[in-house]
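Asks: What follows is query.cif, made up of mmCIF, C-alpha atoms and all ligand atoms:
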data_final
loop_
_atom_site.label_atom_id
_atom_site.label_comp_id
_atom_site.auth_asym_id
_atom_site.auth_seq_id
_atom_site.Cartn_x
_atom_site.Cartn_y
_atom_site.Cartn_z
CA MET A 271 287.34 60.01 52.47
CA ILE A 272 287.17 61.15 56.09
CA ALA A 273 290.25 62.76 57.61
CA LYS A 274 290.79 63.58 61.26
CA LEU A 275 293.56 65.19 63.22
CA VAL A 276 294.33 64.28 66.83
CA ARG A 277 296.54 66.87 68.48
CA ASN A 278 297.93 68.10 71.76
CA ALA A 279 298.16 64.49 72.98
CA GLY A 280 300.66 62.78 75.25
CA ILE A 281 300.95 59.69 73.09
CA TYR A 282 302.24 56.46 74.65
CA THR A 283 302.43 53.44 72.39
CA PRO A 284 304.35 50.24 71.93
CA GLU A 285 305.62 49.70 68.39
CA GLY A 286 305.74 46.86 65.90
CA ALA A 287 303.56 43.90 65.09
CA SER A 288 305.17 41.07 67.02
CA PRO A 289 305.13 40.43 70.77
CA SER A 290 307.67 42.22 72.96
CA ALA A 291 309.53 40.31 75.63
CA GLY A 292 312.13 40.88 78.33
CA LYS A 293 313.48 44.43 78.42
CA ASP A 294 311.43 45.32 75.35
CA GLN A 295 308.20 44.57 77.20
CA GLY A 296 308.42 48.05 78.74
CA ALA A 297 309.85 49.87 75.71
CA VAL A 298 307.12 52.26 74.62
CA ARG A 299 307.32 55.35 72.46
CA PHE A 300 306.39 58.59 74.22
CA LEU A 301 305.49 61.76 72.35
CA PRO A 302 304.96 64.52 74.94
CA ARG A 303 303.08 66.71 72.47
CA GLY A 304 302.01 64.33 69.80
CA ALA A 305 299.62 64.33 66.87
CA MET A 306 298.02 61.69 64.75
CA VAL A 307 296.47 61.90 61.28
CA ILE A 308 293.62 59.47 60.64
CA ARG A 309 292.22 58.63 57.23
CA ASP A 310 289.16 56.43 56.82
CA GLY A 311 289.67 54.82 60.20
CA LEU A 312 293.34 54.06 59.70
CA ILE A 313 296.36 55.87 61.11
CA GLU A 314 298.17 57.74 58.38
CA ALA A 315 300.84 59.46 60.46
CA VAL A 316 301.92 59.79 64.10
CA GLY A 317 304.62 62.04 65.47
CA PRO A 318 305.53 65.23 67.29
CA GLU A 319 302.76 67.76 66.66
CA GLU A 320 305.07 70.37 65.19
CA LYS A 321 306.42 67.97 62.63
CA ILE A 322 303.03 66.57 61.70
CA LEU A 323 301.49 70.04 61.33
CA SER A 324 304.30 71.32 59.15
CA SER A 325 303.97 68.32 56.85
CA LEU A 326 300.25 68.98 56.32
CA SER A 327 300.59 72.33 54.52
CA GLY A 328 297.09 73.62 55.11
CA ARG A 329 295.24 70.33 54.62
CA GLU A 330 291.61 70.42 55.80
CA PHE A 331 290.20 67.94 58.28
CA ASP A 332 286.67 66.79 58.91
CA GLU A 333 287.37 66.79 62.62
CA GLU A 334 290.10 67.97 64.97
CA ILE A 335 290.41 66.29 68.32
CA ASP A 336 292.28 68.42 70.84
CA CYS A 337 293.35 66.18 73.71
CA GLY A 338 294.28 69.07 76.00
CA GLY A 339 297.65 67.53 76.82
CA ARG A 340 296.12 64.37 78.20
CA CYS A 341 297.43 60.88 77.60
CA VAL A 342 296.49 58.86 74.51
CA ILE A 343 297.14 55.11 74.30
CA PRO A 344 296.06 52.30 71.94
CA GLY A 345 292.66 50.73 72.64
CA PHE A 346 292.86 47.72 74.92
CA VAL A 347 292.81 44.29 73.35
CA ASP A 348 291.26 41.78 75.75
CA PRO A 349 292.60 38.42 74.50
CA HIS A 350 290.82 35.98 76.84
CA THR A 351 287.13 36.13 77.74
CA HIS A 352 284.17 33.83 78.26
CA MET A 353 281.78 36.75 77.84
CA CYS A 354 279.15 34.76 75.97
CA PHE A 355 276.98 33.30 78.74
CA ALA A 356 273.35 33.37 79.78
CA ARG A 357 273.22 33.75 83.56
CA ARG A 358 275.37 35.08 86.39
CA ARG A 359 276.49 32.75 89.22
CA GLU A 360 276.33 35.05 92.21
CA GLU A 361 275.31 32.26 94.59
CA GLU A 362 278.51 30.43 93.71
CA PHE A 363 280.61 33.46 94.51
CA SER A 364 279.22 33.36 98.05
CA LEU A 365 280.03 29.65 98.28
CA ARG A 366 283.61 30.34 97.23
CA LEU A 367 283.91 33.18 99.74
CA ALA A 368 282.78 30.71 102.39
CA GLY A 369 285.62 28.39 101.40
CA THR A 370 284.36 25.94 98.77
CA PRO A 371 287.13 25.51 96.14
CA TYR A 372 286.39 26.44 92.53
CA LEU A 373 287.13 22.97 91.15
CA GLU A 374 284.96 21.32 93.82
CA ILE A 375 281.96 23.34 92.66
CA LEU A 376 282.65 22.07 89.13
CA ARG A 377 283.03 18.46 90.34
CA LYS A 378 279.59 18.70 91.94
CA GLY A 379 278.00 19.76 88.65
CA GLY A 380 278.10 23.52 89.27
CA GLY A 381 280.53 26.10 87.90
CA ILE A 382 281.05 25.77 84.15
CA LEU A 383 278.40 23.02 84.06
CA SER A 384 275.84 25.35 85.59
CA SER A 385 276.55 27.85 82.82
CA VAL A 386 276.20 25.03 80.29
CA ARG A 387 272.67 24.34 81.51
CA SER A 388 271.62 27.97 81.29
CA VAL A 389 273.20 28.49 77.85
CA ARG A 390 271.50 25.39 76.46
CA GLU A 391 268.15 26.71 77.74
CA ALA A 392 268.67 30.27 76.48
CA THR A 393 267.39 31.42 73.11
CA ASP A 394 269.91 32.83 70.64
CA GLY A 395 268.33 36.23 71.22
CA ASP A 396 268.80 36.08 75.00
CA LEU A 397 272.36 34.84 74.66
CA PHE A 398 273.11 37.65 72.23
CA GLU A 399 271.58 40.30 74.49
CA ASN A 400 273.56 39.10 77.53
CA THR A 401 276.81 39.04 75.59
CA LEU A 402 276.09 42.42 74.02
CA VAL A 403 275.65 44.10 77.42
CA LEU A 404 279.09 42.91 78.55
CA ALA A 405 280.74 43.68 75.23
CA LEU A 406 279.42 47.26 75.21
CA SER A 407 280.40 47.70 78.84
CA ALA A 408 283.94 46.53 77.98
CA LEU A 409 284.01 48.94 75.03
CA SER A 410 282.98 51.82 77.28
CA MET A 411 286.00 51.05 79.47
CA GLY A 412 288.42 51.01 76.57
CA THR A 413 288.39 47.50 75.11
CA THR A 414 288.33 47.94 71.34
CA THR A 415 289.15 44.34 70.37
CA VAL A 416 288.02 41.30 72.32
CA GLU A 417 288.48 37.55 72.09
CA MET A 418 285.46 35.44 73.08
CA LYS A 419 285.48 31.73 73.73
CA SER A 420 282.67 29.26 73.32
CA GLY A 421 282.64 26.45 75.87
CA TYR A 422 279.29 26.68 77.65
CA GLY A 423 277.60 24.45 75.07
CA LEU A 424 279.64 21.25 75.22
CA ASP A 425 277.57 19.68 72.48
CA THR A 426 278.06 20.37 68.80
CA GLU A 427 274.85 22.29 68.27
CA THR A 428 275.24 24.62 71.25
CA GLU A 429 278.95 25.23 70.67
CA LEU A 430 278.16 26.34 67.11
CA ARG A 431 275.27 28.44 68.38
CA MET A 432 277.62 30.22 70.80
CA LEU A 433 280.12 30.87 68.02
CA SER A 434 277.45 32.37 65.82
CA VAL A 435 276.27 34.63 68.66
CA ILE A 436 279.90 35.69 69.14
CA ARG A 437 280.16 36.44 65.41
CA ARG A 438 276.97 38.50 65.62
CA VAL A 439 278.42 40.61 68.44
CA GLY A 440 281.34 41.41 66.13
CA ARG A 441 278.97 42.37 63.33
CA GLU A 442 276.61 44.51 65.41
CA THR A 443 279.03 46.46 67.60
CA PRO A 444 282.09 48.59 66.83
CA LEU A 445 284.28 45.93 68.47
CA ASP A 446 286.57 43.58 66.61
CA VAL A 447 285.62 40.19 68.05
CA VAL A 448 287.97 37.21 67.73
CA PRO A 449 286.13 33.87 68.15
CA THR A 450 287.75 30.90 69.87
CA PHE A 451 286.26 27.40 69.90
CA MET A 452 286.50 25.92 73.39
CA GLY A 453 284.42 22.76 73.30
CA ALA A 454 287.06 21.39 75.68
CA HIS A 455 286.07 23.68 78.55
CA ALA A 456 284.72 20.87 80.77
CA VAL A 457 283.49 17.30 80.38
CA PRO A 458 279.67 17.51 80.04
CA GLU A 459 277.39 15.51 82.38
CA LEU A 460 276.53 13.08 79.59
CA TYR A 461 280.18 12.01 79.39
CA ARG A 462 280.94 12.01 83.13
CA GLY A 463 283.65 9.39 83.71
CA ASN A 464 284.22 9.11 79.96
CA GLY A 465 286.41 12.10 79.16
CA ASP A 466 288.05 10.22 76.27
CA GLY A 467 284.63 9.66 74.72
CA TYR A 468 284.00 13.40 74.87
CA VAL A 469 287.41 14.09 73.32
CA ASP A 470 286.36 11.74 70.49
CA LEU A 471 283.26 13.88 69.96
CA ILE A 472 285.34 17.07 69.84
CA VAL A 473 287.83 15.59 67.41
CA GLU A 474 285.43 13.70 65.18
CA GLU A 475 282.38 15.96 65.14
CA MET A 476 282.90 19.42 66.64
CA LEU A 477 286.21 20.41 65.04
CA PRO A 478 285.11 19.33 61.54
CA ALA A 479 281.90 21.37 61.95
CA VAL A 480 283.80 24.40 63.25
CA GLU A 481 286.18 24.19 60.30
CA GLU A 482 283.37 23.77 57.81
CA GLN A 483 281.53 26.84 59.11
CA GLY A 484 284.76 28.86 59.31
CA ILE A 485 283.42 30.25 62.55
CA ALA A 486 286.48 30.26 64.84
CA ARG A 487 290.08 31.44 64.59
CA PHE A 488 291.50 29.63 67.61
CA CYS A 489 290.94 26.48 69.63
CA ASP A 490 291.48 26.46 73.39
CA VAL A 491 291.48 23.60 75.94
CA PHE A 492 291.14 23.70 79.75
CA CYS A 493 294.16 21.54 80.61
CA GLU A 494 293.69 20.91 84.33
CA GLU A 495 293.57 18.15 86.93
CA GLY A 496 290.16 16.49 86.69
CA VAL A 497 289.26 18.33 83.47
CA PHE A 498 291.42 17.55 80.39
CA SER A 499 294.78 15.80 80.78
CA VAL A 500 297.91 16.82 78.90
CA SER A 501 297.49 13.94 76.45
CA GLN A 502 293.81 14.70 75.82
CA THR A 503 294.71 18.37 75.32
CA GLU A 504 297.42 17.37 72.88
CA ARG A 505 295.03 15.24 70.86
CA ILE A 506 292.48 18.05 70.56
CA LEU A 507 295.05 20.69 69.68
CA ALA A 508 296.73 18.50 67.07
CA GLU A 509 293.40 18.06 65.30
CA ALA A 510 292.57 21.76 65.65
CA SER A 511 295.89 22.69 64.10
CA ARG A 512 295.29 20.26 61.22
CA ARG A 513 292.01 22.07 60.64
CA GLY A 514 293.66 25.46 60.42
CA LEU A 515 292.90 26.86 63.88
CA GLY A 516 295.47 28.70 65.98
CA LEU A 517 296.15 27.12 69.36
CA LYS A 518 295.60 28.37 72.90
CA VAL A 519 295.77 26.55 76.23
CA HIS A 520 294.21 27.24 79.63
CA ALA A 521 297.41 26.13 81.30
CA ASP A 522 298.38 25.57 84.93
CA GLU A 523 295.51 27.66 86.31
CA VAL A 524 294.93 25.73 89.52
CA HIS A 525 297.55 22.96 89.41
CA ASP A 526 300.85 22.72 87.54
CA THR A 527 300.03 19.86 85.18
CA GLY A 528 302.60 20.75 82.52
CA GLY A 529 300.13 22.78 80.45
CA ALA A 530 302.58 25.62 79.78
CA ALA A 531 305.22 23.20 78.52
CA LEU A 532 302.61 21.56 76.29
CA ALA A 533 301.57 24.94 74.85
CA ALA A 534 305.22 25.69 74.10
CA ARG A 535 305.82 22.27 72.54
CA MET A 536 302.77 22.50 70.28
CA GLY A 537 303.54 26.00 69.03
CA ALA A 538 300.47 27.52 70.66
CA VAL A 539 300.22 31.28 70.26
CA SER A 540 299.50 31.59 73.98
CA ALA A 541 299.42 29.81 77.32
CA GLU A 542 296.76 31.44 79.47
CA HIS A 543 296.29 31.75 83.27
CA LEU A 544 299.54 30.18 84.58
CA LEU A 545 298.79 30.95 88.26
CA ALA A 546 300.45 27.67 89.22
CA ALA A 547 303.07 27.49 86.45
CA GLY A 548 306.47 26.38 87.70
CA ASP A 549 310.03 27.05 86.55
CA GLU A 550 309.92 24.40 83.87
CA GLY A 551 306.78 25.78 82.29
CA ILE A 552 308.11 29.34 82.37
CA SER A 553 311.41 28.30 80.76
CA ALA A 554 309.57 26.37 78.06
CA LEU A 555 307.48 29.46 77.21
CA ALA A 556 310.60 31.62 77.08
CA LYS A 557 312.28 29.19 74.70
CA SER A 558 309.34 28.89 72.33
CA GLY A 559 308.32 32.56 72.44
CA THR A 560 304.76 31.59 73.43
CA THR A 561 302.91 34.53 74.94
CA ALA A 562 301.77 34.21 78.55
CA ILE A 563 298.29 35.70 78.84
CA LEU A 564 297.95 36.63 82.50
CA LEU A 565 294.58 37.13 84.17
CA PRO A 566 295.15 38.85 87.51
CA ALA A 567 291.42 39.41 88.04
CA THR A 568 291.06 35.62 88.26
CA ALA A 569 293.67 35.41 91.01
CA TYR A 570 291.82 38.24 92.73
CA SER A 571 288.45 36.52 92.42
CA LEU A 572 289.75 33.07 93.38
CA ARG A 573 291.86 34.56 96.18
CA LYS A 574 294.94 32.81 94.81
CA PRO A 575 298.52 33.99 94.51
CA TYR A 576 299.10 35.99 91.32
CA ALA A 577 301.03 34.57 88.36
CA ARG A 578 304.82 35.02 88.46
CA ALA A 579 304.79 37.89 86.00
CA ARG A 580 308.19 39.32 87.01
CA ASP A 581 309.90 35.95 86.60
CA MET A 582 308.27 35.56 83.21
CA ILE A 583 309.38 38.99 82.00
CA GLU A 584 312.88 38.53 83.38
CA ARG A 585 313.22 35.22 81.58
CA GLY A 586 311.98 36.67 78.30
CA VAL A 587 308.41 35.43 78.08
CA PRO A 588 306.14 37.91 76.25
CA VAL A 589 303.37 38.83 78.69
CA ALA A 590 299.83 39.88 77.76
CA LEU A 591 296.88 40.80 79.99
CA ALA A 592 293.22 39.82 79.82
CA THR A 593 290.09 39.96 81.96
CA ASP A 594 288.99 36.28 81.65
CA CYS A 595 285.49 37.79 81.91
CA ASN A 596 283.21 34.91 82.93
CA PRO A 597 280.42 34.30 85.45
CA GLY A 598 282.59 32.07 87.67
CA SER A 599 286.25 32.74 88.26
CA SER A 600 286.46 36.37 87.11
CA PHE A 601 283.35 38.46 86.68
CA THR A 602 284.83 41.62 85.25
CA GLU A 603 285.00 43.07 81.75
CA SER A 604 287.25 45.92 82.89
CA MET A 605 290.71 46.11 81.36
CA PRO A 606 291.52 49.18 83.52
CA PHE A 607 290.94 47.02 86.62
CA VAL A 608 293.24 44.34 85.17
CA PHE A 609 295.83 47.00 84.34
CA GLY A 610 295.73 48.22 87.93
CA LEU A 611 296.15 44.72 89.33
CA ALA A 612 299.01 44.00 86.93
CA VAL A 613 300.90 47.03 88.21
CA MET A 614 300.00 46.92 91.90
CA ALA A 615 299.75 43.15 92.54
CA MET A 616 302.04 41.58 89.90
CA GLY A 617 304.72 44.27 89.87
CA LEU A 618 304.63 45.25 86.21
CA THR A 619 305.70 48.77 85.37
CA PRO A 620 302.95 50.85 83.75
CA GLU A 621 304.87 50.64 80.46
CA GLU A 622 305.09 46.84 80.67
CA ALA A 623 301.40 46.65 81.47
CA LEU A 624 300.62 48.94 78.53
CA THR A 625 302.45 46.66 76.09
CA ALA A 626 300.76 43.66 77.70
CA ALA A 627 297.25 45.10 77.35
CA THR A 628 297.64 46.41 73.79
CA LYS A 629 300.31 45.10 71.42
CA ASN A 630 301.11 41.77 73.05
CA SER A 631 297.44 40.98 73.51
CA ALA A 632 296.70 41.95 69.90
CA CYS A 633 299.44 39.57 68.74
CA ALA A 634 298.04 36.83 70.97
CA VAL A 635 294.75 36.93 69.04
CA GLY A 636 296.28 37.25 65.57
CA MET A 637 295.55 40.98 65.33
CA GLY A 638 299.11 42.32 65.68
CA ALA A 639 299.14 43.72 62.15
CA VAL A 640 295.77 45.44 62.59
CA CYS A 641 295.73 47.06 66.03
CA GLY A 642 297.50 47.21 69.40
CA THR A 643 299.84 50.13 68.61
CA LEU A 644 299.46 53.66 67.26
CA GLU A 645 301.43 53.45 64.03
CA PRO A 646 300.76 54.20 60.36
CA GLY A 647 298.67 51.52 58.68
CA LYS A 648 296.99 50.30 61.84
CA GLN A 649 293.39 50.95 62.84
CA ALA A 650 292.87 54.20 64.73
CA ASP A 651 291.73 52.44 67.90
CA PHE A 652 292.75 54.68 70.78
CA LEU A 653 291.83 55.91 74.24
CA LEU A 654 291.95 59.31 75.83
CA LEU A 655 292.87 59.06 79.51
CA ASP A 656 292.10 61.44 82.33
CA GLY A 657 295.77 61.77 83.22
CA GLU A 658 299.24 62.51 81.96
CA THR A 659 300.58 58.97 81.70
CA PRO A 660 299.18 55.41 81.48
CA ALA A 661 300.02 55.06 85.19
CA ILE A 662 296.77 56.93 85.89
CA LEU A 663 295.00 53.60 85.32
CA ALA A 664 296.66 52.19 88.46
CA TYR A 665 297.03 55.44 90.36
CA HIS A 666 293.39 56.58 90.36
CA ALA A 667 292.31 53.25 91.76
CA GLY A 668 288.82 51.99 91.07
CA VAL A 669 287.81 55.19 89.29
CA PRO A 670 287.27 55.26 85.51
CA ALA A 671 290.32 56.89 83.93
CA VAL A 672 289.29 56.22 80.33
CA GLU A 673 287.61 59.42 79.15
CA GLY A 674 287.23 58.76 75.47
CA VAL A 675 287.16 55.61 73.35
CA TYR A 676 287.80 55.74 69.59
CA LYS A 677 287.37 52.76 67.29
CA LYS A 678 288.59 53.09 63.69
CA GLY A 679 288.73 56.83 64.27
CA GLU A 680 285.11 57.10 65.46
CA GLN A 681 284.35 58.17 69.00
CA VAL A 682 282.27 55.39 70.52
CA ARG A 683 282.28 56.87 74.01
O1 LIG B 701 289.23 30.76 82.63
N1 LIG B 701 289.17 27.84 83.75
C1 LIG B 701 288.25 27.65 83.02
N2 LIG B 701 287.44 28.57 82.51
C2 LIG B 701 287.20 29.83 83.06
C3 LIG B 701 286.13 29.82 84.08
C4 LIG B 701 284.82 29.59 83.48
C5 LIG B 701 283.71 29.53 84.49
O2 LIG B 701 283.91 29.33 85.70
O3 LIG B 701 282.59 29.68 84.01
C6 LIG B 701 288.49 30.44 83.52
O4 LIG B 701 288.76 30.64 84.70
FE FE B 702 289.42 31.39 80.98
#
Starting from the file, lay out its structure as structure tokens.

Replies:
Amino acid sequence: MIAKLVRNAGIYTPEGASPSAGKDQGAVRFLPRGAMVIRDGLIEAVGPEEKILSSLSGREFDEEIDCGGRCVIPGFVDPHTHMCFARRREEEFSLRLAGTPYLEILRKGGGILSSVRSVREATDGDLFENTLVLALSALSMGTTTVEMKSGYGLDTETELRMLSVIRRVGRETPLDVVPTFMGAHAVPELYRGNGDGYVDLIVEEMLPAVEEQGIARFCDVFCEEGVFSVSQTERILAEASRRGLGLKVHADEVHDTGGAALAARMGAVSAEHLLAAGDEGISALAKSGTTAILLPATAYSLRKPYARARDMIERGVPVALATDCNPGSSFTESMPFVFGLAVMAMGLTPEEALTAATKNSACAVGMGAVCGTLEPGKQADFLLLDGETPAILAYHAGVPAVEGVYKKGEQVR
């Protein structure tokens, strides 16, 4: 048994194991001089230092971590990434800066399809190494749990290959990695003009193989004009649900096609992106309790208006935050950057952003009982910040504010 004591910490944490919405989105517990007892990687107790110390009656610890009064928060959970890819697309970024729209690049065979070509050509080893670099970089900035989507294979063999690389990243790093099957990320060249034929392949071949290998927890679909329609999305998700996968939707990213309403109707755990979501979509999410995973770094990178986060919170939609890390629309693995954008560009309070980047995002990847808050029974995944409150992440702009990263009680940075 290994026991550790964290003391002299300004602990900020959301509480509970289900998503917070509305006024509760910003309700976080603050312990000005807090302490935490960790046993074998799990939190045993959290509370005011005085109380914790007096309950210990001389117990010995293998390690004492004195936080010097600085702020401690739960590790970030990044619930939406496409981190498993083989090659960057820097040339495309320049094209976009010069005015070519994101979806036009895709229509011309670039974008996601360019990543598909490079992933199909890459060896498993290269794909693993590329993913590992990003995953470790994310970890060093405070991400302790990360979701990763497939979707740059678009044939059965390569989709499964991606998912096994993603699984390997989970096995060979301290990170908890949640795998999502996203064969419906784009229509591959072979099926150009025959999207329904590709949906057949997903439903009849890919999903059965994914289920058989038990290699994904969620299924996600890019529901977008010119990509997958609402009815195609529905068909894929219905089959995924039948096969035991949780549901996610890339919804209303560029156009409002009714993706948010579909996610709500199908009981998806999350609708993700939502830059173009309208009133109807937002109301549907509020009614169903579907979490909105917002990706402000994508709005930043696409130079689009940010998602209507304030409207969502005011109407009672649980909001989570993610990087969307991918080589096209959002090349960042930094949750602190996303936190800063959420506060400064979307108007979240630091407390709302904290809940969004920890507990709500953990719940959105099925990890709400395991991590996302600092409470007894959960993993001791926590961050030491170079500041007094979580607001430091927005305040000290562009400068790393995460000083220490602990995963299951072990310092990993
Ligand atoms: O979430 N929208 C679709 N998928 C990603 C982009 C992937 C890419 O461009 O490679 C996104 O923005
Ligand atoms: Fe995405």

Asks: Report as a PyMOL selection string all protein, DNA and RNA residues lying within 12 Å of Ala533 in chain A, evaluated on all atoms listed in the file, omitting residues in the same chain fewer than 3 positions from it.

Replies: chain A and resi 489-493+500-501+503-504+507-508+516-522+527-530+536-542+544+547+551-563

Asks: Could you give me, as number ranges by chain, every polymer residue with an atom at most 8 Å away from an atom of ligand FE 702 (chain B), counting all atoms listed in the file?

Replies: A: 350-352, 492, 520, 542-543, 594-596

Asks: Do you have, as a Markdown table, the list of residues of chain A lying at most 10 Å from ligand LIG 701 (chain B), each with its nearest atom pair and that distance in Å to one decimal, counting all atoms listed in the file and ordered by chain then number?

Replies:
| residue | atom | partner | partner_atom | distance |
| --- | --- | --- | --- | --- |
| A:His350 | CA | B:LIG701 | O1 | 8.0 |
| A:Thr351 | CA | B:LIG701 | O1 | 7.6 |
| A:His352 | CA | B:LIG701 | C4 | 6.8 |
| A:Met353 | CA | B:LIG701 | O3 | 9.4 |
| A:Phe355 | CA | B:LIG701 | O3 | 8.5 |
| A:Arg358 | CA | B:LIG701 | O3 | 9.3 |
| A:Arg359 | CA | B:LIG701 | O3 | 8.6 |
| A:Glu362 | CA | B:LIG701 | O2 | 9.7 |
| A:Tyr372 | CA | B:LIG701 | O2 | 7.8 |
| A:Leu373 | CA | B:LIG701 | O2 | 9.0 |
| A:Ile375 | CA | B:LIG701 | O2 | 9.4 |
| A:Leu376 | CA | B:LIG701 | O2 | 8.1 |
| A:Gly380 | CA | B:LIG701 | O2 | 9.0 |
| A:Gly381 | CA | B:LIG701 | O2 | 5.2 |
| A:Ile382 | CA | B:LIG701 | O3 | 4.2 |
| A:Leu383 | CA | B:LIG701 | O3 | 7.9 |
| A:Ser384 | CA | B:LIG701 | O3 | 8.2 |
| A:Ser385 | CA | B:LIG701 | O3 | 6.4 |
| A:Val386 | CA | B:LIG701 | O3 | 8.7 |
| A:Lys419 | CA | B:LIG701 | N2 | 9.5 |
| A:Gly421 | CA | B:LIG701 | N2 | 8.5 |
| A:Tyr422 | CA | B:LIG701 | O3 | 7.8 |
| A:Met452 | CA | B:LIG701 | N2 | 9.5 |
| A:Ala454 | CA | B:LIG701 | C1 | 9.7 |
| A:His455 | CA | B:LIG701 | C1 | 6.4 |
| A:Ala456 | CA | B:LIG701 | C1 | 8.0 |
| A:Val491 | CA | B:LIG701 | C1 | 8.8 |
| A:Phe492 | CA | B:LIG701 | C1 | 5.9 |
| A:Cys493 | CA | B:LIG701 | N1 | 8.6 |
| A:Glu494 | CA | B:LIG701 | N1 | 8.3 |
| A:Val497 | CA | B:LIG701 | C1 | 9.4 |
| A:His520 | CA | B:LIG701 | N1 | 6.5 |
| A:Ala521 | CA | B:LIG701 | N1 | 8.8 |
| A:Asp522 | CA | B:LIG701 | N1 | 9.6 |
| A:Glu523 | CA | B:LIG701 | N1 | 6.8 |
| A:Val524 | CA | B:LIG701 | N1 | 8.4 |
| A:Glu542 | CA | B:LIG701 | O1 | 8.2 |
| A:His543 | CA | B:LIG701 | O1 | 7.2 |
| A:Leu565 | CA | B:LIG701 | O1 | 8.5 |
| A:Ala567 | CA | B:LIG701 | O4 | 9.8 |
| A:Thr568 | CA | B:LIG701 | O4 | 6.5 |
| A:Ala569 | CA | B:LIG701 | O4 | 9.3 |
| A:Ser571 | CA | B:LIG701 | O4 | 9.7 |
| A:Leu572 | CA | B:LIG701 | O4 | 9.1 |
| A:Thr593 | CA | B:LIG701 | O1 | 9.3 |
| A:Asp594 | CA | B:LIG701 | O1 | 5.6 |
| A:Cys595 | CA | B:LIG701 | O1 | 8.0 |
| A:Asn596 | CA | B:LIG701 | O3 | 5.4 |
| A:Pro597 | CA | B:LIG701 | O3 | 5.3 |
| A:Gly598 | CA | B:LIG701 | O2 | 3.6 |
| A:Ser599 | CA | B:LIG701 | O4 | 4.8 |
| A:Ser600 | CA | B:LIG701 | O4 | 6.6 |
| A:Phe601 | CA | B:LIG701 | O2 | 9.2 |

Asks: For Ala634 in chain A, which residue out of A:Pro284, A:Pro588, A:Gly496, A:Pro458 is the nearest one, using only C-alpha atoms?

Replies: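 Nearest to Ala634 in chain A: A:Pro588.
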
Asks: Provide the CA of Gly423 in chain A to CA of Asp466 in chain A distance in Å, to one decimal place.

Replies: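 Calculated distance between CA of Gly423 in chain A and CA of Asp466 in chain A is 17.7 Å.
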
Asks: List the spatial neighbours of Val608 in chain A as number ranges by chain - criterion: any atom at most 8 Å away, all atoms listed in the file, same-chain residues fewer than 2 positions off excluded.

Replies: A: 565-567, 591-593, 604-606, 610-612

Asks: Between A:Asp651, A:Glu680, A:Glu360, A:Glu658, which residue has the minimum interatomic distance to Pro302 in chain A, considering all atoms listed in the file?

Replies: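 That would be A:Glu658, the residue with the smallest distance to Pro302 in chain A.
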
Asks: In Å, rounded to a single decimal, give me how far CA of Tyr468 in chain A is from CA of Phe498 in chain A.

Replies: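 Here the two named atoms are 10.1 Å from each other.
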